>>> print(open('work.txt').read())   # compact mmCIF, C-alpha atoms and all ligand atoms
# COMPACT_ATOMS: atom_id res chain seq x y z
CA MET A 942 69.53 -87.81 33.27
CA THR A 943 69.06 -85.05 35.67
CA THR A 944 65.79 -83.96 37.29
CA GLY A 945 65.86 -80.65 35.39
CA THR A 946 66.15 -82.48 32.09
CA ILE A 947 63.20 -84.74 32.95
CA LEU A 948 61.02 -81.75 33.87
CA ALA A 949 62.02 -79.84 30.74
CA THR A 950 60.92 -82.82 28.61
CA ALA A 951 57.77 -83.83 30.53
CA VAL A 952 56.13 -80.42 30.95
CA PRO A 953 55.85 -79.64 27.23
CA ILE A 954 54.58 -83.17 26.57
CA ILE A 955 51.89 -82.77 29.27
CA VAL A 956 50.88 -79.35 27.93
CA VAL A 957 50.62 -80.70 24.38
CA LEU A 958 48.57 -83.72 25.48
CA GLY A 959 46.22 -81.47 27.48
CA ALA A 960 45.70 -79.24 24.46
CA VAL A 961 44.93 -82.29 22.27
CA VAL A 962 42.39 -83.64 24.78
CA ALA A 963 40.67 -80.25 25.05
CA PHE A 964 40.52 -79.87 21.27
CA VAL A 965 39.02 -83.37 20.78
CA SER A 966 36.40 -82.68 23.49
CA LEU A 967 35.33 -79.42 21.89
CA ARG A 968 35.00 -80.99 18.48
CA ARG A 969 32.78 -83.75 19.89
CA ARG A 970 30.49 -81.23 21.54
CA ASP A 971 30.24 -79.33 18.28
CA ALA A 972 29.22 -82.52 16.52
CA THR A 973 26.48 -83.40 19.02
CA GLY A 974 25.05 -79.82 19.32
CA LEU A 975 25.20 -77.27 22.04
CA GLY A 976 23.54 -77.88 25.35
CA HIS A 977 20.93 -80.44 26.39
CA LEU A 978 17.17 -80.08 26.74
CA SER A 979 15.76 -80.81 30.16
CA ARG A 980 13.42 -83.74 30.66
CA GLU A 981 10.40 -81.45 31.13
CA THR A 982 11.15 -79.64 27.87
CA ARG A 983 11.48 -82.88 25.99
CA GLN A 984 8.14 -84.09 27.41
CA ARG A 985 6.34 -80.86 26.30
CA ASP A 986 7.78 -81.20 22.83
CA GLU A 987 6.60 -84.81 22.62
CA GLN A 988 3.07 -83.82 23.72
CA ALA A 989 2.94 -81.06 21.11
CA LEU A 990 4.07 -83.46 18.43
CA SER A 991 1.40 -85.98 19.49
CA ALA A 992 -1.28 -83.27 19.05
CA VAL A 993 -0.30 -82.68 15.43
CA GLY A 994 0.73 -86.30 14.70
CA ALA A 995 -2.33 -87.16 12.56
CA SER A 996 -1.79 -84.38 10.00
CA THR A 997 1.98 -84.82 9.84
CA ALA A 998 2.19 -88.56 9.50
CA GLU A 999 4.75 -89.89 7.14
CA PRO A 1000 3.43 -90.63 3.61
CA ASP A 1001 4.21 -94.34 4.07
CA GLY A 1002 1.51 -94.56 6.81
CA SER A 1003 3.84 -96.00 9.39
CA GLY A 1004 2.99 -93.25 11.88
CA ALA A 1005 6.66 -92.75 12.73
CA PHE A 1006 8.18 -89.33 12.64
CA GLY A 1007 11.60 -88.48 11.48
CA ILE A 1008 13.44 -85.67 13.26
CA SER A 1009 13.09 -83.24 10.34
CA ALA A 1010 9.45 -84.15 9.78
CA GLN A 1011 8.66 -83.50 13.41
CA ALA A 1012 10.39 -80.13 13.30
CA GLN A 1013 8.57 -79.15 10.14
CA ALA A 1014 5.23 -80.17 11.62
CA LEU A 1015 5.96 -78.20 14.75
CA GLU A 1016 6.91 -75.11 12.72
CA ARG A 1017 3.73 -75.38 10.68
CA ALA A 1018 1.64 -75.70 13.81
CA VAL A 1019 3.25 -72.69 15.41
CA ALA A 1020 2.92 -70.65 12.21
CA ALA A 1021 -0.74 -71.60 12.00
CA GLU A 1022 -1.31 -70.45 15.56
CA ARG A 1023 0.36 -67.10 14.79
CA GLN A 1024 -1.79 -66.42 11.76
CA PRO A 1025 -4.30 -63.65 12.63
CA ALA A 1026 -7.88 -64.73 12.59
CA PRO A 1027 -9.69 -63.48 9.49
CA VAL A 1028 -11.79 -60.44 10.19
CA ALA A 1029 -15.17 -60.25 8.65
CA ALA A 1030 -15.55 -57.14 6.44
CA ALA A 1031 -18.02 -54.66 7.84
CA PRO A 1032 -20.91 -53.81 5.54
CA PRO A 1033 -20.46 -50.40 3.82
CA GLU A 1034 -22.18 -47.49 5.49
CA LEU A 1035 -24.63 -45.67 3.25
CA PRO A 1036 -24.68 -41.79 3.42
CA GLU A 1037 -27.57 -40.24 5.18
CA ASP A 1038 -30.13 -38.27 3.19
CA TRP A 1039 -29.13 -34.54 3.11
CA ALA A 1040 -31.59 -31.92 4.25
CA PRO A 1041 -30.87 -28.14 4.07
CA PRO A 1042 -30.29 -26.52 7.45
CA PRO A 1043 -32.94 -24.10 8.69
CA PRO A 1044 -32.37 -20.39 7.84
CA SER A 1045 -31.95 -19.52 11.49
CA GLU A 1046 -28.79 -21.65 11.57
CA VAL A 1047 -27.39 -20.51 8.21
CA GLY A 1048 -27.46 -16.72 8.87
CA VAL A 1049 -26.40 -14.77 5.74
CA THR A 1050 -25.93 -16.89 2.63
CA ARG A 1051 -23.31 -16.18 0.02
CA ARG A 1052 -25.96 -15.03 -2.44
CA GLN A 1053 -27.39 -12.61 0.12
CA PHE A 1054 -23.91 -11.32 0.95
CA LEU A 1055 -23.11 -10.62 -2.72
CA ASN A 1056 -26.47 -8.96 -3.33
CA ARG A 1057 -26.11 -6.69 -0.33
CA SER A 1058 -22.48 -5.83 -1.17
CA SER A 1059 -23.32 -4.85 -4.75
CA THR A 1060 -26.28 -2.76 -3.56
CA LEU A 1061 -24.09 -1.00 -1.01
CA LEU A 1062 -21.40 -0.27 -3.63
CA MET A 1063 -23.95 1.14 -6.07
CA ALA A 1064 -25.48 3.32 -3.36
CA THR A 1065 -22.05 4.60 -2.35
CA GLY A 1066 -21.12 5.42 -5.95
CA LEU A 1067 -24.40 7.21 -6.62
CA GLY A 1068 -24.09 9.14 -3.36
CA THR A 1069 -20.56 10.26 -4.17
CA PHE A 1070 -21.55 11.30 -7.69
CA SER A 1071 -24.56 13.23 -6.37
CA ALA A 1072 -22.42 15.02 -3.78
CA ALA A 1073 -19.91 16.00 -6.47
CA MET A 1074 -22.70 17.34 -8.70
CA LEU A 1075 -24.17 19.34 -5.84
CA ALA A 1076 -20.79 20.79 -4.98
CA PHE A 1077 -20.29 21.76 -8.62
CA LEU A 1078 -23.71 23.41 -8.95
CA TRP A 1079 -23.73 25.05 -5.52
CA PRO A 1080 -23.50 28.87 -5.68
CA ARG A 1081 -20.01 30.16 -5.14
CA PRO A 1082 -19.47 31.60 -1.70
CA THR A 1083 -19.27 35.38 -1.47
CA GLY A 1084 -16.40 37.17 0.14
CA GLY A 1085 -13.55 34.99 -1.22
CA PHE A 1086 -11.37 35.27 -4.28
CA GLY A 1087 -13.54 34.78 -7.33
CA SER A 1088 -16.35 36.92 -5.99
CA LYS A 1089 -16.99 40.58 -5.34
CA ILE A 1090 -14.83 41.52 -2.38
CA LYS A 1091 -15.28 44.46 -0.06
CA ILE A 1092 -11.85 46.06 0.44
CA GLY A 1093 -12.78 48.76 2.92
CA THR A 1094 -14.10 52.26 3.13
CA VAL A 1095 -12.92 54.82 0.65
CA ALA A 1096 -11.08 56.66 3.41
CA ALA A 1097 -9.32 53.50 4.59
CA VAL A 1098 -8.30 52.56 1.04
CA ASP A 1099 -6.99 56.04 0.33
CA GLU A 1100 -5.03 55.97 3.56
CA ALA A 1101 -3.51 52.60 2.63
CA ILE A 1102 -2.46 53.92 -0.75
CA ALA A 1103 -1.01 57.13 0.63
CA SER A 1104 1.04 55.35 3.30
CA SER A 1105 2.55 52.66 1.08
CA THR A 1106 6.32 52.39 1.37
CA PRO A 1107 8.96 52.15 0.00
CA ALA A 1108 7.00 52.29 -3.25
CA GLU A 1109 4.63 55.21 -3.18
CA ASN A 1110 1.00 55.03 -4.15
CA PHE A 1111 0.80 51.24 -4.17
CA SER A 1112 -1.58 49.16 -2.07
CA TYR A 1113 -1.90 45.39 -1.93
CA PHE A 1114 -5.00 43.51 -0.72
CA SER A 1115 -4.33 39.82 -0.31
CA GLU A 1116 -8.00 38.78 -0.07
CA ALA A 1117 -8.44 40.07 -3.65
CA GLN A 1118 -4.92 39.02 -4.74
CA SER A 1119 -4.78 42.49 -6.24
CA TYR A 1120 -3.03 45.83 -6.13
CA LEU A 1121 -5.59 48.63 -5.83
CA GLN A 1122 -3.81 51.52 -7.55
CA PRO A 1123 -4.76 55.17 -7.74
CA TYR A 1124 -5.53 56.33 -11.25
CA PRO A 1125 -4.97 59.97 -12.19
CA THR A 1126 -8.32 61.64 -12.81
CA ASP A 1127 -7.15 64.69 -14.69
CA ALA A 1128 -8.88 65.28 -18.01
CA ALA A 1129 -5.89 64.41 -20.20
CA THR A 1130 -5.22 61.07 -18.51
CA LEU A 1131 -8.85 60.08 -18.52
CA SER A 1132 -9.04 61.00 -22.15
CA ASN A 1133 -6.16 58.63 -22.84
CA ALA A 1134 -7.84 55.92 -20.78
CA GLU A 1135 -11.07 56.22 -22.73
CA THR A 1136 -9.20 55.40 -25.91
CA THR A 1137 -7.90 52.16 -24.45
CA TYR A 1138 -10.20 50.93 -21.70
CA GLY A 1139 -13.90 50.43 -21.41
CA GLY A 1140 -16.68 48.98 -19.35
CA ALA A 1141 -16.45 48.54 -15.59
CA VAL A 1142 -12.65 48.93 -15.61
CA LEU A 1143 -12.95 52.39 -17.14
CA ASP A 1144 -15.70 53.26 -14.64
CA GLY A 1145 -13.28 52.44 -11.81
CA MET A 1146 -10.59 54.61 -13.40
CA ARG A 1147 -12.98 57.54 -13.55
CA MET A 1148 -13.46 57.10 -9.77
CA GLY A 1149 -9.67 57.11 -9.35
CA TYR A 1150 -8.94 53.37 -8.92
CA VAL A 1151 -7.64 50.49 -10.96
CA ALA A 1152 -7.37 46.96 -9.52
CA LEU A 1153 -4.44 44.94 -10.96
CA TRP A 1154 -4.28 41.14 -10.58
CA GLN A 1155 -0.98 40.11 -9.04
CA VAL A 1156 -0.38 37.39 -11.66
CA CYS A 1157 2.12 38.16 -14.41
CA PRO A 1158 0.47 37.67 -17.82
CA HIS A 1159 3.69 36.09 -19.13
CA LEU A 1160 3.91 32.81 -17.20
CA GLY A 1161 1.99 33.49 -14.00
CA CYS A 1162 4.57 34.62 -11.44
CA LYS A 1163 3.47 36.98 -8.70
CA VAL A 1164 4.60 40.47 -9.67
CA PRO A 1165 6.06 42.57 -6.83
CA VAL A 1166 6.50 46.30 -6.57
CA CYS A 1167 9.94 47.84 -7.09
CA GLY A 1168 10.47 50.68 -4.61
CA SER A 1169 13.31 52.27 -6.58
CA SER A 1170 11.74 52.32 -10.06
CA GLN A 1171 8.20 52.74 -8.75
CA TRP A 1172 7.08 50.11 -11.24
CA PHE A 1173 5.93 46.52 -11.04
CA GLU A 1174 8.85 44.27 -11.96
CA CYS A 1175 8.47 40.55 -12.43
CA PRO A 1176 11.44 38.60 -10.99
CA CYS A 1177 10.90 35.55 -13.22
CA HIS A 1178 11.73 36.93 -16.68
CA GLY A 1179 11.98 40.64 -16.12
CA SER A 1180 8.68 42.00 -17.44
CA LYS A 1181 8.06 45.53 -16.19
CA TYR A 1182 4.85 47.51 -15.82
CA ASN A 1183 4.13 51.07 -14.73
CA ARG A 1184 2.08 51.98 -11.68
CA VAL A 1185 -1.22 51.30 -13.44
CA GLY A 1186 -0.08 47.96 -14.90
CA GLU A 1187 0.75 49.00 -18.47
CA LYS A 1188 3.65 47.03 -19.86
CA LYS A 1189 6.96 48.85 -20.24
CA SER A 1190 9.36 46.02 -21.16
CA GLY A 1191 10.01 42.28 -20.99
CA PRO A 1192 8.47 39.13 -22.55
CA ALA A 1193 4.92 39.62 -21.24
CA PRO A 1194 2.35 39.71 -24.09
CA ARG A 1195 0.32 42.61 -22.58
CA GLY A 1196 -0.19 44.74 -19.51
CA MET A 1197 -1.35 43.32 -16.19
CA ASP A 1198 -4.86 41.89 -16.09
CA ARG A 1199 -7.39 43.79 -13.97
CA PHE A 1200 -10.73 43.65 -12.19
CA PRO A 1201 -13.63 46.12 -12.07
CA VAL A 1202 -13.70 48.46 -9.06
CA THR A 1203 -16.93 49.90 -7.64
CA ILE A 1204 -17.84 52.12 -4.72
CA GLU A 1205 -21.01 51.16 -2.90
CA GLY A 1206 -22.21 52.78 0.32
CA GLY A 1207 -18.89 54.46 0.93
CA SER A 1208 -16.90 51.21 0.54
CA VAL A 1209 -14.62 50.03 -2.24
CA TYR A 1210 -15.29 46.64 -3.90
CA ILE A 1211 -13.17 44.60 -6.27
CA ASP A 1212 -15.04 42.09 -8.43
CA THR A 1213 -12.49 39.28 -8.68
CA GLY A 1214 -14.99 37.14 -10.57
CA THR A 1215 -14.62 39.27 -13.71
CA VAL A 1216 -11.14 39.46 -15.22
CA SER A 1217 -10.27 41.93 -17.97
CA GLN A 1218 -7.16 41.36 -20.02
CA GLY A 1219 -4.43 43.96 -19.65
CA PRO A 1220 -3.88 46.63 -22.30
CA ALA A 1221 -1.87 45.91 -25.39
CA ILE A 1222 1.88 46.42 -25.59
CA GLY A 1223 2.70 50.13 -26.09
CA THR A 1224 -0.21 51.45 -24.06
CA ASP A 1225 0.82 54.33 -21.81
CA THR A 1226 -2.07 56.40 -20.54
CA THR A 1227 -0.32 58.03 -17.54
CA GLY A 1228 3.13 58.78 -18.92
CA GLN A 1229 4.87 57.56 -15.75
CA GLY A 1230 8.55 57.17 -16.47
CA LEU A 1231 11.25 55.21 -14.66
CA GLU A 1232 11.89 56.84 -11.27
CA GLY A 1233 15.04 54.92 -10.24
CA PRO A 1234 17.05 51.72 -10.72
CA HIS A 1235 15.28 48.49 -11.58
CA CYS A 1236 14.88 45.72 -9.04
CA ALA A 1237 14.79 42.83 -11.57
S1 LIG B 1301 6.36 35.36 -15.52
FE1 LIG B 1301 6.65 37.48 -15.35
S2 LIG B 1301 7.99 37.92 -16.91
FE2 LIG B 1301 7.73 35.82 -17.09
>>> encode(input="work.txt", output="structure tokens")
Amino acid sequence: MTTGTILATAVPIIVVLGAVVAFVSLRRRDATGLGHLSRETRQRDEQALSAVGASTAEPDGSGAFGISAQAQALERAVAAERQPAPVAAAPPELPEDWAPPPPSEVGVTRRQFLNRSSTLLMATGLGTFSAAMLAFLWPRPTGGFGSKIKIGTVAAVDEAIASSTPAENFSYFSEAQSYLQPYPTDAATLSNAETTYGGAVLDGMRMGYVALWQVCPHLGCKVPVCGSSQWFECPCHGSKYNRVGEKKSGPAPRGMDRFPVTIEGGSVYIDTGTVSQGPAIGTDTTGQGLEGPHCA
């Protein structure tokens, strides 16, 4: 048998034997438990067990402890030490008697706030209502539309009428929202006027003036002057009126409405606070015909 053969047989046998020895050693250590307690540790455990020995004695009274009984006693002792000490319940605190704070600390109470707010609201409402009533009853201011308006001196008014262009003999005064038109004062024309007009409007015609409100009596458009026809021609629906506001054609229900004209102290006034309805359809006191093409 050669040396190689011996080695090839012995080495596996040695390896197998070593593995068996190691396996048996590990199994024995598993059976006996892991590790070993030191002598000091074992002495402390024995002292602790002696301290609890009386309460954990075996029921047979022998005073001997089994391993499991000792462990159980030790666990109970440790658990007892870990139990928190009972805390005595504190006596309930009774609420203090309530006393209202002094007014200086409270300031404005809710009741006071509501009372003052309602009083303020009522005062505001009454004040507003009173102001509205006063404004309603207050006399209307003079000088504006709705009152008697001074147009100018007679000479100035006549000059304005004479210089009107391109329509001739027309004059517009915006403060009165009116055309102040010359009215023929010959006997025949005035005779015609007296059959149709009356009152302050007729008085103005006798002085040679008629004031026509710019508002169309149909639906309220502002009526402009047509320079070619020398009439008033409404652009909205085509109503047409002659130079003194008498209706010639269109849907308007009557001639242009007018205001009284007076002359006081050499000045001409238009009373825009008194409106007279225009003459009925078909009225033609001046006989002014169409003088050129229509504008509307
Ligand atoms: S508003 Fe002037 S004709 Fe209709």
>>> residues_near_ligand(input="work.txt", ligand="ligand LIG 1301 (chain B)", cutoff="6 Å", atoms="all atoms listed in the file", output="list in words")
Cys1157, His1159, Leu1160, Gly1161, Cys1162, Cys1175, Cys1177, His1178, Gly1179, Ser1180, Pro1192 and Ala1193 of chain A
>>> residues_near_point(input="work.txt", point="(-4.7, 57.0, -5.2)", cutoff="12 Å", atoms="only C-alpha atoms", output="ChimeraX atom specification")
/A:1095-1105,1109-1112,1120-1126,1145-1152,1184-1185
>>> residues_around(input="work.txt", residues="range 1198-1209 of chain A", least_positions_apart="6", cutoff="8 Å", atoms="only C-alpha atoms", output="ChimeraX atom specification")
/A:1091-1095,1098,1141-1142,1144-1145,1150-1154,1156,1158,1186,1215-1220
>>> residues_around(input="work.txt", residues="His1235 in chain A", least_positions_apart="4", cutoff="8 Å", atoms="all atoms listed in the file", output="list in words")
Cys1167, Ser1169, Ser1170 and Glu1174 of chain A
>>> atom_distance(input="work.txt", atom1="CA of Pro1107 in chain A", atom2="CA of Pro1234 in chain A")
13.4 Å
>>> atom_distance(input="work.txt", atom1="CA of Asp1127 in chain A", atom2="CA of Gly1140 in chain A")
19.0 Å
>>> closest_residue(input="work.txt", among="A:Gln1013, A:Thr1050, A:Thr1060, A:Gln1155", to="Tyr1113 in chain A", atoms="all atoms listed in the file")
A:Gln1155
